[in-house]
>>> print(open('protein-v9.pdb').read())   # PDB, C-alpha atoms
MODEL        1
ATOM      1  CA  MET D   1      69.726 -98.905  13.101
ATOM      2  CA  THR D   2      66.432 -97.088  13.487
ATOM      3  CA  ARG D   3      64.273 -96.524  10.467
ATOM      4  CA  PHE D   4      62.948 -93.032   9.867
ATOM      5  CA  ILE D   5      59.234 -93.075   9.176
ATOM      6  CA  VAL D   6      58.560 -90.293   6.753
ATOM      7  CA  ASN D   7      55.144 -88.811   6.071
ATOM      8  CA  THR D   8      55.146 -88.787   2.288
ATOM      9  CA  ILE D   9      52.427 -87.102   0.261
ATOM     10  CA  THR D  10      51.865 -89.274  -2.811
ATOM     11  CA  LEU D  11      49.501 -88.143  -5.553
ATOM     12  CA  PHE D  12      47.329 -90.690  -7.296
ATOM     13  CA  SER D  13      44.727 -90.553 -10.026
ATOM     14  CA  THR D  14      43.954 -93.845 -11.675
ATOM     15  CA  LEU D  15      47.641 -94.548 -12.057
ATOM     16  CA  LEU D  16      50.849 -94.148 -10.131
ATOM     17  CA  LEU D  17      52.828 -90.948 -10.612
ATOM     18  CA  PHE D  18      56.569 -91.404 -10.916
ATOM     19  CA  GLY D  19      59.622 -89.215 -10.470
ATOM     20  CA  CYS D  20      59.633 -85.572 -11.440
ATOM     21  CA  GLY D  21      56.886 -85.591 -14.042
ATOM     22  CA  GLY D  22      54.960 -88.783 -13.484
ATOM     23  CA  SER D  23      54.039 -91.450 -15.974
ATOM     24  CA  ASP D  24      50.857 -91.657 -18.000
ATOM     25  CA  SER D  25      49.175 -94.810 -19.250
ATOM     26  CA  SER D  26      50.660 -94.371 -22.711
ATOM     27  CA  GLU D  27      54.120 -94.678 -21.168
ATOM     28  CA  VAL D  28      53.475 -97.614 -18.845
ATOM     29  CA  GLY D  29      50.544 -99.406 -20.447
ATOM     30  CA  GLY D  30      52.464-102.271 -21.966
ATOM     31  CA  ILE D  31      55.108-102.708 -24.612
ATOM     32  CA  ASP D  32      53.809-101.817 -28.108
ATOM     33  CA  GLY D  33      50.314-101.557 -26.645
ATOM     34  CA  SER D  34      50.301-105.202 -25.544
ATOM     35  CA  GLY D  35      49.213-104.386 -21.999
ATOM     36  CA  ALA D  36      52.005-106.568 -20.616
ATOM     37  CA  PRO D  37      53.955-105.261 -17.599
ATOM     38  CA  VAL D  38      56.934-103.090 -18.537
ATOM     39  CA  ALA D  39      60.318-103.910 -17.003
ATOM     40  CA  THR D  40      61.695-100.825 -15.266
ATOM     41  CA  SER D  41      64.804 -99.638 -13.437
ATOM     42  CA  THR D  42      65.059 -96.871 -10.837
ATOM     43  CA  THR D  43      68.259 -95.451  -9.364
ATOM     44  CA  GLY D  44      67.825 -92.944  -6.567
ATOM     45  CA  THR D  45      67.020 -92.212  -2.953
ATOM     46  CA  ILE D  46      64.616 -94.145  -0.743
ATOM     47  CA  ASP D  47      62.056 -91.507   0.293
ATOM     48  CA  GLY D  48      59.865 -93.700   2.486
ATOM     49  CA  PHE D  49      58.305 -97.055   3.197
ATOM     50  CA  GLY D  50      54.881 -98.697   3.233
ATOM     51  CA  SER D  51      56.051-100.529   0.139
ATOM     52  CA  VAL D  52      59.262 -98.776  -0.992
ATOM     53  CA  ILE D  53      59.247 -95.232  -2.353
ATOM     54  CA  VAL D  54      62.205 -94.340  -4.610
ATOM     55  CA  ASN D  55      62.387 -91.105  -6.638
ATOM     56  CA  GLY D  56      58.768 -90.448  -5.641
ATOM     57  CA  GLY D  57      57.498 -93.743  -7.139
ATOM     58  CA  ARG D  58      55.856 -96.311  -4.864
ATOM     59  CA  TYR D  59      56.784 -99.955  -5.509
ATOM     60  CA  ASN D  60      55.195-103.016  -3.927
ATOM     61  CA  SER D  61      58.139-104.754  -2.255
ATOM     62  CA  ASP D  62      56.456-107.778  -0.631
ATOM     63  CA  LYS D  63      58.361-110.259  -2.796
ATOM     64  CA  ALA D  64      61.440-108.199  -3.643
ATOM     65  CA  GLN D  65      64.931-109.602  -3.174
ATOM     66  CA  ILE D  66      67.024-107.228  -1.070
ATOM     67  CA  PHE D  67      70.818-107.062  -1.460
ATOM     68  CA  ILE D  68      73.235-105.017   0.630
ATOM     69  CA  ASN D  69      76.811-105.143  -0.625
ATOM     70  CA  GLY D  70      75.793-108.097  -2.782
ATOM     71  CA  GLU D  71      74.513-110.150   0.156
ATOM     72  CA  MET D  72      70.898-111.110   0.799
ATOM     73  CA  ALA D  73      69.216-108.921   3.411
ATOM     74  CA  MET D  74      65.791-108.022   4.796
ATOM     75  CA  GLU D  75      63.764-104.969   3.853
ATOM     76  CA  ASP D  76      64.129-103.807   7.469
ATOM     77  CA  ASN D  77      67.847-103.356   6.726
ATOM     78  CA  LEU D  78      67.039-100.635   4.193
ATOM     79  CA  GLN D  79      66.773 -97.058   5.445
ATOM     80  CA  VAL D  80      65.319 -93.771   4.247
ATOM     81  CA  GLY D  81      68.116 -91.877   2.525
ATOM     82  CA  TYR D  82      69.828 -94.929   1.040
ATOM     83  CA  GLN D  83      70.755 -94.574  -2.640
ATOM     84  CA  VAL D  84      69.569 -97.793  -4.264
ATOM     85  CA  ASN D  85      69.099 -99.466  -7.612
ATOM     86  CA  LEU D  86      65.646-100.989  -8.004
ATOM     87  CA  THR D  87      64.462-103.222 -10.834
ATOM     88  CA  GLY D  88      60.884-104.323 -11.275
ATOM     89  CA  SER D  89      57.845-103.812 -13.464
ATOM     90  CA  ILE D  90      54.944-101.437 -14.070
ATOM     91  CA  ALA D  91      51.550-102.977 -14.800
ATOM     92  CA  ASN D  92      48.946-101.694 -17.236
ATOM     93  CA  ASP D  93      47.007-100.021 -14.386
ATOM     94  CA  GLY D  94      50.125 -98.127 -13.260
ATOM     95  CA  THR D  95      50.900-100.199 -10.174
ATOM     96  CA  ALA D  96      54.608-100.895  -9.766
ATOM     97  CA  THR D  97      56.369-103.906  -8.255
ATOM     98  CA  ALA D  98      59.986-104.217  -7.131
ATOM     99  CA  ASP D  99      61.734-107.486  -7.957
ATOM    100  CA  LYS D 100      65.204-106.536  -6.670
ATOM    101  CA  ILE D 101      66.557-103.678  -4.548
ATOM    102  CA  GLU D 102      70.330-103.265  -4.245
ATOM    103  CA  PHE D 103      72.230-100.972  -1.887
ATOM    104  CA  THR D 104      75.981-100.295  -1.877
ATOM    105  CA  PRO D 105      77.432 -97.609   0.455
ATOM    106  CA  ASN D 106      79.462 -94.811  -1.089
ATOM    107  CA  SER D 107      81.922 -94.853   1.771
ATOM    108  CA  VAL D 108      82.644 -96.653   5.039
ATOM    109  CA  GLY D 109      85.584 -95.277   6.967
ATOM    110  CA  VAL D 110      86.982 -92.978   9.642
ATOM    111  CA  ILE D 111      86.465 -89.205   9.691
ATOM    112  CA  THR D 112      89.833 -87.435   9.473
ATOM    113  CA  THR D 113      88.655 -83.850   8.938
ATOM    114  CA  LYS D 114      85.458 -82.026   9.798
ATOM    115  CA  ASN D 115      84.007 -78.547   9.331
ATOM    116  CA  SER D 116      80.511 -77.084   9.510
ATOM    117  CA  ASN D 117      79.202 -78.642   6.292
ATOM    118  CA  ALA D 118      81.657 -81.323   5.186
ATOM    119  CA  LEU D 119      83.648 -84.330   6.351
ATOM    120  CA  VAL D 120      86.708 -86.052   4.936
ATOM    121  CA  VAL D 121      86.924 -89.858   4.882
ATOM    122  CA  MET D 122      89.911 -91.527   3.161
ATOM    123  CA  GLY D 123      90.757 -88.207   1.536
ATOM    124  CA  ASN D 124      87.267 -87.911   0.046
ATOM    125  CA  THR D 125      84.992 -84.957   0.726
ATOM    126  CA  ILE D 126      81.542 -85.809   2.118
ATOM    127  CA  LYS D 127      79.237 -82.819   1.660
ATOM    128  CA  ILE D 128      76.378 -82.224   4.095
ATOM    129  CA  ASN D 129      73.246 -80.277   3.171
ATOM    130  CA  ASN D 130      69.705 -79.744   4.462
ATOM    131  CA  ASP D 131      68.573 -83.037   2.927
ATOM    132  CA  THR D 132      71.208 -85.206   4.645
ATOM    133  CA  LEU D 133      69.644 -87.649   7.128
ATOM    134  CA  PHE D 134      71.494 -88.808  10.233
ATOM    135  CA  ASP D 135      70.805 -92.088  12.012
ATOM    136  CA  ALA D 136      69.232 -91.992  15.480
ATOM    137  CA  ALA D 137      72.447 -93.360  17.028
ATOM    138  CA  ILE D 138      74.139 -90.035  16.142
ATOM    139  CA  SER D 139      73.451 -87.430  18.838
ATOM    140  CA  PRO D 140      72.728 -84.672  18.156
ATOM    141  CA  ARG D 141      71.265 -85.891  14.899
ATOM    142  CA  ASN D 142      73.396 -83.671  12.688
ATOM    143  CA  ILE D 143      77.035 -83.084  11.780
ATOM    144  CA  HIS D 144      77.740 -81.923  15.348
ATOM    145  CA  GLY D 145      77.034 -85.469  16.543
ATOM    146  CA  LEU D 146      80.115 -86.694  14.662
ATOM    147  CA  THR D 147      83.734 -86.276  15.662
ATOM    148  CA  ILE D 148      87.113 -86.837  14.077
ATOM    149  CA  GLY D 149      87.815 -90.538  14.518
ATOM    150  CA  SER D 150      84.162 -91.583  14.171
ATOM    151  CA  ARG D 151      83.696 -94.535  11.819
ATOM    152  CA  ILE D 152      80.732 -93.876   9.533
ATOM    153  CA  LEU D 153      78.747 -95.337   6.643
ATOM    154  CA  VAL D 154      77.763 -92.819   3.970
ATOM    155  CA  SER D 155      75.145 -93.127   1.261
ATOM    156  CA  GLY D 156      74.873 -90.339  -1.252
ATOM    157  CA  SER D 157      75.367 -88.992  -4.754
ATOM    158  CA  LEU D 158      78.777 -89.145  -6.426
ATOM    159  CA  ALA D 159      79.744 -86.019  -8.363
ATOM    160  CA  ALA D 160      82.208 -85.545 -11.213
ATOM    161  CA  ASP D 161      84.703 -83.885  -8.821
ATOM    162  CA  ASN D 162      84.721 -87.158  -6.809
ATOM    163  CA  SER D 163      82.933 -85.582  -3.845
ATOM    164  CA  ILE D 164      79.931 -87.302  -2.273
ATOM    165  CA  THR D 165      76.813 -85.369  -1.275
ATOM    166  CA  ALA D 166      75.452 -87.429   1.606
ATOM    167  CA  THR D 167      71.791 -88.429   1.706
ATOM    168  CA  ARG D 168      72.284 -90.557   4.862
ATOM    169  CA  ILE D 169      75.037 -91.053   7.453
ATOM    170  CA  GLU D 170      75.231 -93.821  10.056
ATOM    171  CA  LEU D 171      77.804 -94.973  12.580
ATOM    172  CA  ALA D 172      79.620 -98.110  11.400
ATOM    173  CA  SER D 173      81.053-100.821  13.661
ATOM    174  CA  ASN D 174      82.568-103.095  11.000
ATOM    175  CA  PRO D 175      86.332-102.390  10.692
ATOM    176  CA  THR D 176      86.278-103.123   6.949
ATOM    177  CA  GLN D 177      86.497 -99.934   4.899
ATOM    178  CA  GLN D 178      84.713 -99.276   1.628
ATOM    179  CA  LEU D 179      84.682 -96.786  -1.223
ATOM    180  CA  LEU D 180      82.671 -96.365  -4.429
ATOM    181  CA  GLY D 181      83.831 -94.428  -7.480
ATOM    182  CA  PHE D 182      85.212 -94.411 -11.020
ATOM    183  CA  VAL D 183      88.579 -96.058 -11.702
ATOM    184  CA  ARG D 184      91.318 -93.600 -12.700
ATOM    185  CA  GLU D 185      95.048 -93.865 -13.321
ATOM    186  CA  LEU D 186      94.988 -97.657 -13.584
ATOM    187  CA  ASN D 187      98.496 -99.147 -13.383
ATOM    188  CA  THR D 188      98.386-102.830 -14.286
ATOM    189  CA  MET D 189     102.103-103.263 -13.581
ATOM    190  CA  ASN D 190     101.828-102.102  -9.975
ATOM    191  CA  MET D 191      98.203-103.305  -9.693
ATOM    192  CA  THR D 192      96.999 -99.957  -8.380
ATOM    193  CA  PHE D 193      94.457 -97.322  -9.383
ATOM    194  CA  GLN D 194      92.992 -94.091  -8.085
ATOM    195  CA  LEU D 195      89.447 -94.163  -6.721
ATOM    196  CA  ASN D 196      88.148 -90.670  -5.994
ATOM    197  CA  GLN D 197      90.987 -89.270  -3.820
ATOM    198  CA  GLN D 198      92.239 -92.632  -2.571
ATOM    199  CA  ARG D 199      95.060 -94.772  -4.039
ATOM    200  CA  VAL D 200      94.031 -98.445  -4.142
ATOM    201  CA  SER D 201      96.059-101.637  -4.513
ATOM    202  CA  TYR D 202      94.117-104.556  -5.965
ATOM    203  CA  ALA D 203      96.960-107.087  -5.720
ATOM    204  CA  GLY D 204      95.388-110.221  -4.283
ATOM    205  CA  ALA D 205      91.845-108.780  -4.370
ATOM    206  CA  ASN D 206      88.852-110.794  -5.493
ATOM    207  CA  LEU D 207      87.820-109.111  -8.760
ATOM    208  CA  ASN D 208      84.127-109.242  -9.565
ATOM    209  CA  THR D 209      83.861-107.138 -12.713
ATOM    210  CA  GLY D 210      81.531-109.388 -14.680
ATOM    211  CA  ASN D 211      82.163-109.451 -18.406
ATOM    212  CA  GLN D 212      84.380-106.360 -18.333
ATOM    213  CA  ASN D 213      88.062-106.019 -17.525
ATOM    214  CA  LEU D 214      89.199-103.595 -14.865
ATOM    215  CA  ARG D 215      89.685-100.310 -16.757
ATOM    216  CA  ASN D 216      89.678 -96.557 -16.341
ATOM    217  CA  GLY D 217      86.149 -95.170 -16.153
ATOM    218  CA  LEU D 218      84.635 -98.320 -14.639
ATOM    219  CA  LEU D 219      82.298 -97.651 -11.703
ATOM    220  CA  ILE D 220      83.287 -99.958  -8.848
ATOM    221  CA  SER D 221      83.035-100.507  -5.120
ATOM    222  CA  VAL D 222      86.103-101.675  -3.195
ATOM    223  CA  ARG D 223      86.318-103.191   0.286
ATOM    224  CA  GLY D 224      89.469-103.599   2.337
ATOM    225  CA  MET D 225      91.697-101.659   4.737
ATOM    226  CA  LEU D 226      94.092 -98.728   4.714
ATOM    227  CA  ASP D 227      97.666 -99.776   5.467
ATOM    228  CA  SER D 228     100.239 -97.791   7.446
ATOM    229  CA  ASP D 229     101.198 -95.879   4.278
ATOM    230  CA  GLN D 230      97.548 -94.897   3.678
ATOM    231  CA  LEU D 231      97.353 -97.185   0.633
ATOM    232  CA  PHE D 232      93.978 -98.913   0.435
ATOM    233  CA  GLN D 233      94.573-102.670   0.267
ATOM    234  CA  ALA D 234      91.480-103.998  -1.504
ATOM    235  CA  THR D 235      90.199-107.469  -0.709
ATOM    236  CA  GLN D 236      87.095-107.161  -2.901
ATOM    237  CA  VAL D 237      86.491-105.196  -6.115
ATOM    238  CA  ASN D 238      82.902-105.194  -7.415
ATOM    239  CA  ARG D 239      81.698-103.533 -10.615
ATOM    240  CA  ILE D 240      78.592-101.345 -10.331
ATOM    241  CA  ALA D 241      76.518-101.664 -13.507
ATOM    242  CA  THR D 242      75.952 -98.438 -15.451
ATOM    243  CA  GLU D 243      74.100-100.033 -18.342
ATOM    244  CA  PHE D 244      70.558-101.353 -18.629
ATOM    245  CA  SER D 245      69.801-104.996 -19.267
ATOM    246  CA  ASN D 246      68.061-105.840 -22.537
ATOM    247  CA  THR D 247      64.740-106.359 -20.728
ATOM    248  CA  ILE D 248      64.540-102.854 -19.217
ATOM    249  CA  LYS D 249      62.186-100.577 -21.143
ATOM    250  CA  SER D 250      61.685 -97.598 -18.808
ATOM    251  CA  ALA D 251      63.917 -96.001 -16.195
ATOM    252  CA  SER D 252      64.273 -93.225 -13.657
ATOM    253  CA  ILE D 253      67.667 -92.050 -12.412
ATOM    254  CA  GLU D 254      68.726 -89.385  -9.940
ATOM    255  CA  GLY D 255      72.240 -88.023  -9.605
ATOM    256  CA  TYR D 256      74.934 -85.674 -10.827
ATOM    257  CA  ILE D 257      75.954 -85.313 -14.472
ATOM    258  CA  THR D 258      79.410 -86.915 -14.502
ATOM    259  CA  ARG D 259      80.145 -86.561 -18.242
ATOM    260  CA  PHE D 260      78.737 -84.057 -20.720
ATOM    261  CA  GLY D 261      79.276 -84.041 -24.460
ATOM    262  CA  SER D 262      76.039 -82.429 -25.557
ATOM    263  CA  ALA D 263      72.354 -82.395 -24.652
ATOM    264  CA  THR D 264      71.992 -85.642 -26.585
ATOM    265  CA  ASP D 265      75.089 -87.304 -25.144
ATOM    266  CA  PHE D 266      75.778 -87.160 -21.410
ATOM    267  CA  GLU D 267      75.946 -89.413 -18.347
ATOM    268  CA  VAL D 268      74.335 -89.286 -14.921
ATOM    269  CA  THR D 269      76.590 -91.169 -12.464
ATOM    270  CA  GLY D 270      77.985 -93.048 -15.442
ATOM    271  CA  ILE D 271      74.580 -93.966 -16.926
ATOM    272  CA  PRO D 272      74.196 -92.796 -20.569
ATOM    273  CA  VAL D 273      71.349 -90.363 -21.294
ATOM    274  CA  THR D 274      70.059 -88.743 -24.475
ATOM    275  CA  THR D 275      67.270 -86.274 -25.279
ATOM    276  CA  ASN D 276      65.103 -85.312 -28.238
ATOM    277  CA  ALA D 277      62.704 -82.545 -29.241
ATOM    278  CA  GLN D 278      59.965 -84.039 -27.069
ATOM    279  CA  THR D 279      62.020 -83.997 -23.837
ATOM    280  CA  ARG D 280      60.383 -81.846 -21.145
ATOM    281  CA  TYR D 281      62.452 -79.802 -18.647
ATOM    282  CA  ASP D 282      61.535 -78.692 -15.123
ATOM    283  CA  ASN D 283      63.363 -75.848 -13.304
ATOM    284  CA  GLY D 284      65.605 -75.251 -16.316
ATOM    285  CA  ASP D 285      66.191 -76.179 -19.925
ATOM    286  CA  ALA D 286      68.735 -77.932 -22.157
ATOM    287  CA  LYS D 287      71.300 -75.136 -21.872
ATOM    288  CA  ASN D 288      71.512 -75.799 -18.098
ATOM    289  CA  LEU D 289      72.810 -79.335 -18.623
ATOM    290  CA  ALA D 290      76.467 -79.507 -17.558
ATOM    291  CA  VAL D 291      78.928 -81.561 -15.550
ATOM    292  CA  GLY D 292      78.192 -81.237 -11.835
ATOM    293  CA  VAL D 293      74.489 -80.433 -12.222
ATOM    294  CA  LYS D 294      72.126 -82.687 -10.256
ATOM    295  CA  VAL D 295      69.111 -83.974 -12.183
ATOM    296  CA  GLU D 296      66.368 -86.544 -12.104
ATOM    297  CA  VAL D 297      65.703 -88.167 -15.481
ATOM    298  CA  ASP D 298      62.634 -90.222 -16.408
ATOM    299  CA  GLY D 299      62.151 -91.922 -19.746
ATOM    300  CA  LYS D 300      62.467 -95.007 -21.890
ATOM    301  CA  VAL D 301      65.528 -97.052 -22.780
ATOM    302  CA  ASP D 302      66.257 -96.783 -26.503
ATOM    303  CA  GLY D 303      67.691 -99.416 -28.833
ATOM    304  CA  ASN D 304      71.251 -98.275 -28.061
ATOM    305  CA  GLY D 305      70.859 -98.809 -24.321
ATOM    306  CA  LYS D 306      70.643 -95.085 -23.541
ATOM    307  CA  LEU D 307      67.956 -93.545 -21.378
ATOM    308  CA  LEU D 308      65.898 -91.371 -23.749
ATOM    309  CA  ALA D 309      64.636 -88.651 -21.420
ATOM    310  CA  ALA D 310      60.937 -87.907 -21.465
ATOM    311  CA  GLU D 311      61.473 -85.458 -18.610
ATOM    312  CA  ILE D 312      64.479 -83.926 -16.850
ATOM    313  CA  GLU D 313      64.134 -82.117 -13.542
ATOM    314  CA  PHE D 314      66.963 -79.915 -12.319
ATOM    315  CA  GLU D 315      67.342 -80.453  -8.594
ATOM    316  CA  HIS D 316      68.405 -77.063  -7.313
ATOM    317  CA  LYS D 317      69.601 -76.503  -3.770
ATOM    318  CA  ILE D 318      66.876 -76.101  -1.161
ATOM    319  CA  ASN D 319      67.597 -73.199   1.167
ATOM    320  CA  ASN D 320      64.706 -73.589   3.592
ATOM    321  CA  LYS D 321      65.210 -75.814   6.623
ATOM    322  CA  ILE D 322      62.759 -77.435   9.027
ATOM    323  CA  ALA D 323      63.849 -78.391  12.525
ATOM    324  CA  GLY D 324      61.877 -80.353  15.093
ATOM    325  CA  LYS D 325      61.476 -83.593  16.952
ATOM    326  CA  ILE D 326      60.685 -86.690  14.864
ATOM    327  CA  THR D 327      57.675 -88.271  16.546
ATOM    328  CA  LYS D 328      57.215 -91.304  14.300
TER     329      LYS D 328
ENDMDL
END
>>> encode(input="protein-v9.pdb", output="structure tokens")
Amino acid sequence: MTRFIVNTITLFSTLLLFGCGGSDSSEVGGIDGSGAPVATSTTGTIDGFGSVIVNGGRYNSDKAQIFINGEMAMEDNLQVGYQVNLTGSIANDGTATADKIEFTPNSVGVITTKNSNALVVMGNTIKINNDTLFDAAISPRNIHGLTIGSRILVSGSLAADNSITATRIELASNPTQQLLGFVRELNTMNMTFQLNQQRVSYAGANLNTGNQNLRNGLLISVRGMLDSDQLFQATQVNRIATEFSNTIKSASIEGYITRFGSATDFEVTGIPVTTNAQTRYDNGDAKNLAVGVKVEVDGKVDGNGKLLAAEIEFEHKINNKIAGKITK
């Protein structure tokens, strides 16, 4: 795979600016004013390299552990457009360091349907927009370089309607298929469940769900193969964490609102978020929060494990498009 080198304009003063609104020294200058580094978590898109840039924040990645599908990898295996989970720390001077970067594809499988702005893989809709990146091995480097029958790897944002808005698409050579989503219609008698639009059998699968039982609403990734009846026979079921560890104090997440109760009780890709009177909004306000809306949320993790939003940016569709040859 060929890495895209992206010219990224990053604004600095005496500290690093993060996400949609940035962070000031009062937010990152130590826990309770101690000046100690603050443990942080970021879930979002890789925007560039030269360190690793995720959600607009630049993290030193020299000593970071890299995991792809739970297996150790090199930083060169990461690509612009991958949706990753990054954990690390922010020092008193605003510099940020990544300790671990994890990438799990949303989908790996064969295209069965294609139109001008969407693909279908294992019954699941893959939406294409102006921000979707295509690997150099795809020619032309857009949806027209893909055909029905092409086996692809998709990274993107999972929405409440189970569709995936692709941030990056690559050709895949590994015959193993993969899908990420929320468990629905779990049948423990038949050992099956629904994952997005695909029926999955987990009979005989290696279950790696940590301290939680397989249940409806759990965010998981499955690997296996479709059988002749189009039932996905899972060989591996891995839980994707949607909660913060006790050490995490600040966080940034990007994605679609997948559950909405109120402005103080909603989830972004399964991660719980709350707001208060001090929450700032960009490109909208609290009344625009709803299932299916894409947002970027920056804030601190409260005592209940929820992300208390300091700032929420509504990520509206971008209608302008730039075309040209990538020279670097």
>>> closest_residue(input="protein-v9.pdb", among="D:Pro105, D:Gly255, D:Gly210, D:Gly261", to="Ala241 in chain D", atoms="all atoms listed in the file")
D:Gly210
>>> resolve_selection(input="protein-v9.pdb", expression="the PyMOL selection byres ((chain D and resi 110) around 12)", output="PyMOL selection string")
chain D and resi 107-109+111-114+119-124+126+146-154+170-179+225-226
>>> resolve_selection(input="protein-v9.pdb", expression="the PyMOL selection byres ((chain D and resi 223) around 6)", output="PyMOL selection string")
chain D and resi 177-178+222+224+234-236
>>> residues_around(input="protein-v9.pdb", residues="range 198-200 of chain D", least_positions_apart="4", cutoff="6 Å", atoms="all atoms listed in the file", output="VMD selection string")
chain D and resid 192 to 194 231 to 232
>>> closest_residue(input="protein-v9.pdb", among="D:Gly94, D:Gly44, D:Gly57, D:Gly305", to="Ser157 in chain D", atoms="only C-alpha atoms")
D:Gly44
>>> resolve_selection(input="protein-v9.pdb", expression="the PyMOL selection byres ((chain D and resi 85) around 12)", output="PDB file with C-alpha atoms, in the coordinates of the input")
ATOM      1  CA  THR D  40      61.695-100.825 -15.266  1.00  0.00           C
ATOM      2  CA  SER D  41      64.804 -99.638 -13.437  1.00  0.00           C
ATOM      3  CA  THR D  42      65.059 -96.871 -10.837  1.00  0.00           C
ATOM      4  CA  THR D  43      68.259 -95.451  -9.364  1.00  0.00           C
ATOM      5  CA  GLY D  44      67.825 -92.944  -6.567  1.00  0.00           C
ATOM      6  CA  THR D  45      67.020 -92.212  -2.953  1.00  0.00           C
ATOM      7  CA  ILE D  46      64.616 -94.145  -0.743  1.00  0.00           C
ATOM      8  CA  VAL D  52      59.262 -98.776  -0.992  1.00  0.00           C
ATOM      9  CA  ILE D  53      59.247 -95.232  -2.353  1.00  0.00           C
ATOM     10  CA  VAL D  54      62.205 -94.340  -4.610  1.00  0.00           C
ATOM     11  CA  ASN D  55      62.387 -91.105  -6.638  1.00  0.00           C
ATOM     12  CA  GLN D  65      64.931-109.602  -3.174  1.00  0.00           C
ATOM     13  CA  ILE D  66      67.024-107.228  -1.070  1.00  0.00           C
ATOM     14  CA  PHE D  67      70.818-107.062  -1.460  1.00  0.00           C
ATOM     15  CA  ILE D  68      73.235-105.017   0.630  1.00  0.00           C
ATOM     16  CA  ASN D  69      76.811-105.143  -0.625  1.00  0.00           C
ATOM     17  CA  GLY D  70      75.793-108.097  -2.782  1.00  0.00           C
ATOM     18  CA  TYR D  82      69.828 -94.929   1.040  1.00  0.00           C
ATOM     19  CA  GLN D  83      70.755 -94.574  -2.640  1.00  0.00           C
ATOM     20  CA  VAL D  84      69.569 -97.793  -4.264  1.00  0.00           C
ATOM     21  CA  LEU D  86      65.646-100.989  -8.004  1.00  0.00           C
ATOM     22  CA  THR D  87      64.462-103.222 -10.834  1.00  0.00           C
ATOM     23  CA  GLY D  88      60.884-104.323 -11.275  1.00  0.00           C
ATOM     24  CA  ALA D  98      59.986-104.217  -7.131  1.00  0.00           C
ATOM     25  CA  ASP D  99      61.734-107.486  -7.957  1.00  0.00           C
ATOM     26  CA  LYS D 100      65.204-106.536  -6.670  1.00  0.00           C
ATOM     27  CA  ILE D 101      66.557-103.678  -4.548  1.00  0.00           C
ATOM     28  CA  GLU D 102      70.330-103.265  -4.245  1.00  0.00           C
ATOM     29  CA  PHE D 103      72.230-100.972  -1.887  1.00  0.00           C
ATOM     30  CA  THR D 104      75.981-100.295  -1.877  1.00  0.00           C
ATOM     31  CA  PRO D 105      77.432 -97.609   0.455  1.00  0.00           C
ATOM     32  CA  ILE D 240      78.592-101.345 -10.331  1.00  0.00           C
ATOM     33  CA  ALA D 241      76.518-101.664 -13.507  1.00  0.00           C
ATOM     34  CA  THR D 242      75.952 -98.438 -15.451  1.00  0.00           C
ATOM     35  CA  GLU D 243      74.100-100.033 -18.342  1.00  0.00           C
ATOM     36  CA  PHE D 244      70.558-101.353 -18.629  1.00  0.00           C
ATOM     37  CA  ALA D 251      63.917 -96.001 -16.195  1.00  0.00           C
ATOM     38  CA  SER D 252      64.273 -93.225 -13.657  1.00  0.00           C
ATOM     39  CA  ILE D 253      67.667 -92.050 -12.412  1.00  0.00           C
ATOM     40  CA  GLU D 254      68.726 -89.385  -9.940  1.00  0.00           C
TER      41      GLU D 254
END
>>> closest_residue(input="protein-v9.pdb", among="D:Leu186, D:Ile169, D:Val295, D:Ala39", to="Ala309 in chain D", atoms="only C-alpha atoms")
D:Val295
>>> residues_around(input="protein-v9.pdb", residues="range 214-218 of chain D", least_positions_apart="6", cutoff="10 Å", atoms="only C-alpha atoms", output="JSON, numbers by chain")
{"D": [181, 182, 183, 184, 185, 186, 187, 188, 193, 194, 195, 207, 208, 237, 238, 239, 240, 241, 242, 270]}
>>> closest_residue(input="protein-v9.pdb", among="D:Ala91, D:Arg168, D:Thr264, D:Arg259", to="Arg141 in chain D", atoms="all atoms listed in the file")
D:Arg168
>>> residues_around(input="protein-v9.pdb", residues="Asn304 in chain D", least_positions_apart="3", cutoff="10 Å", atoms="only C-alpha atoms", output="list in words")
Phe244, Asn246, Pro272, Val301, Leu307 and Leu308 of chain D
>>> atom_distance(input="protein-v9.pdb", atom1="CA of Asn92 in chain D", atom2="CA of Pro37 in chain D")
6.2 Å
>>> atom_distance(input="protein-v9.pdb", atom1="CA of Glu267 in chain D", atom2="CA of Ser89 in chain D")
23.6 Å
>>> residues_around(input="protein-v9.pdb", residues="Ala263 in chain D", least_positions_apart="5", cutoff="12 Å", atoms="all atoms listed in the file", output="JSON list (two decimals) with C-alpha atoms, keeping the file's coordinate frame")
[["chain", "number", "residue", "atom", "x", "y", "z"],
["D", 257, "ILE", "CA", 75.95, -85.31, -14.47],
["D", 272, "PRO", "CA", 74.20, -92.80, -20.57],
["D", 273, "VAL", "CA", 71.35, -90.36, -21.29],
["D", 274, "THR", "CA", 70.06, -88.74, -24.48],
["D", 275, "THR", "CA", 67.27, -86.27, -25.28],
["D", 276, "ASN", "CA", 65.10, -85.31, -28.24],
["D", 277, "ALA", "CA", 62.70, -82.54, -29.24],
["D", 279, "THR", "CA", 62.02, -84.00, -23.84],
["D", 281, "TYR", "CA", 62.45, -79.80, -18.65],
["D", 285, "ASP", "CA", 66.19, -76.18, -19.92],
["D", 286, "ALA", "CA", 68.74, -77.93, -22.16],
["D", 287, "LYS", "CA", 71.30, -75.14, -21.87],
["D", 288, "ASN", "CA", 71.51, -75.80, -18.10],
["D", 289, "LEU", "CA", 72.81, -79.33, -18.62],
["D", 290, "ALA", "CA", 76.47, -79.51, -17.56],
["D", 291, "VAL", "CA", 78.93, -81.56, -15.55],
["D", 308, "LEU", "CA", 65.90, -91.37, -23.75],
["D", 309, "ALA", "CA", 64.64, -88.65, -21.42],
["D", 312, "ILE", "CA", 64.48, -83.93, -16.85]]
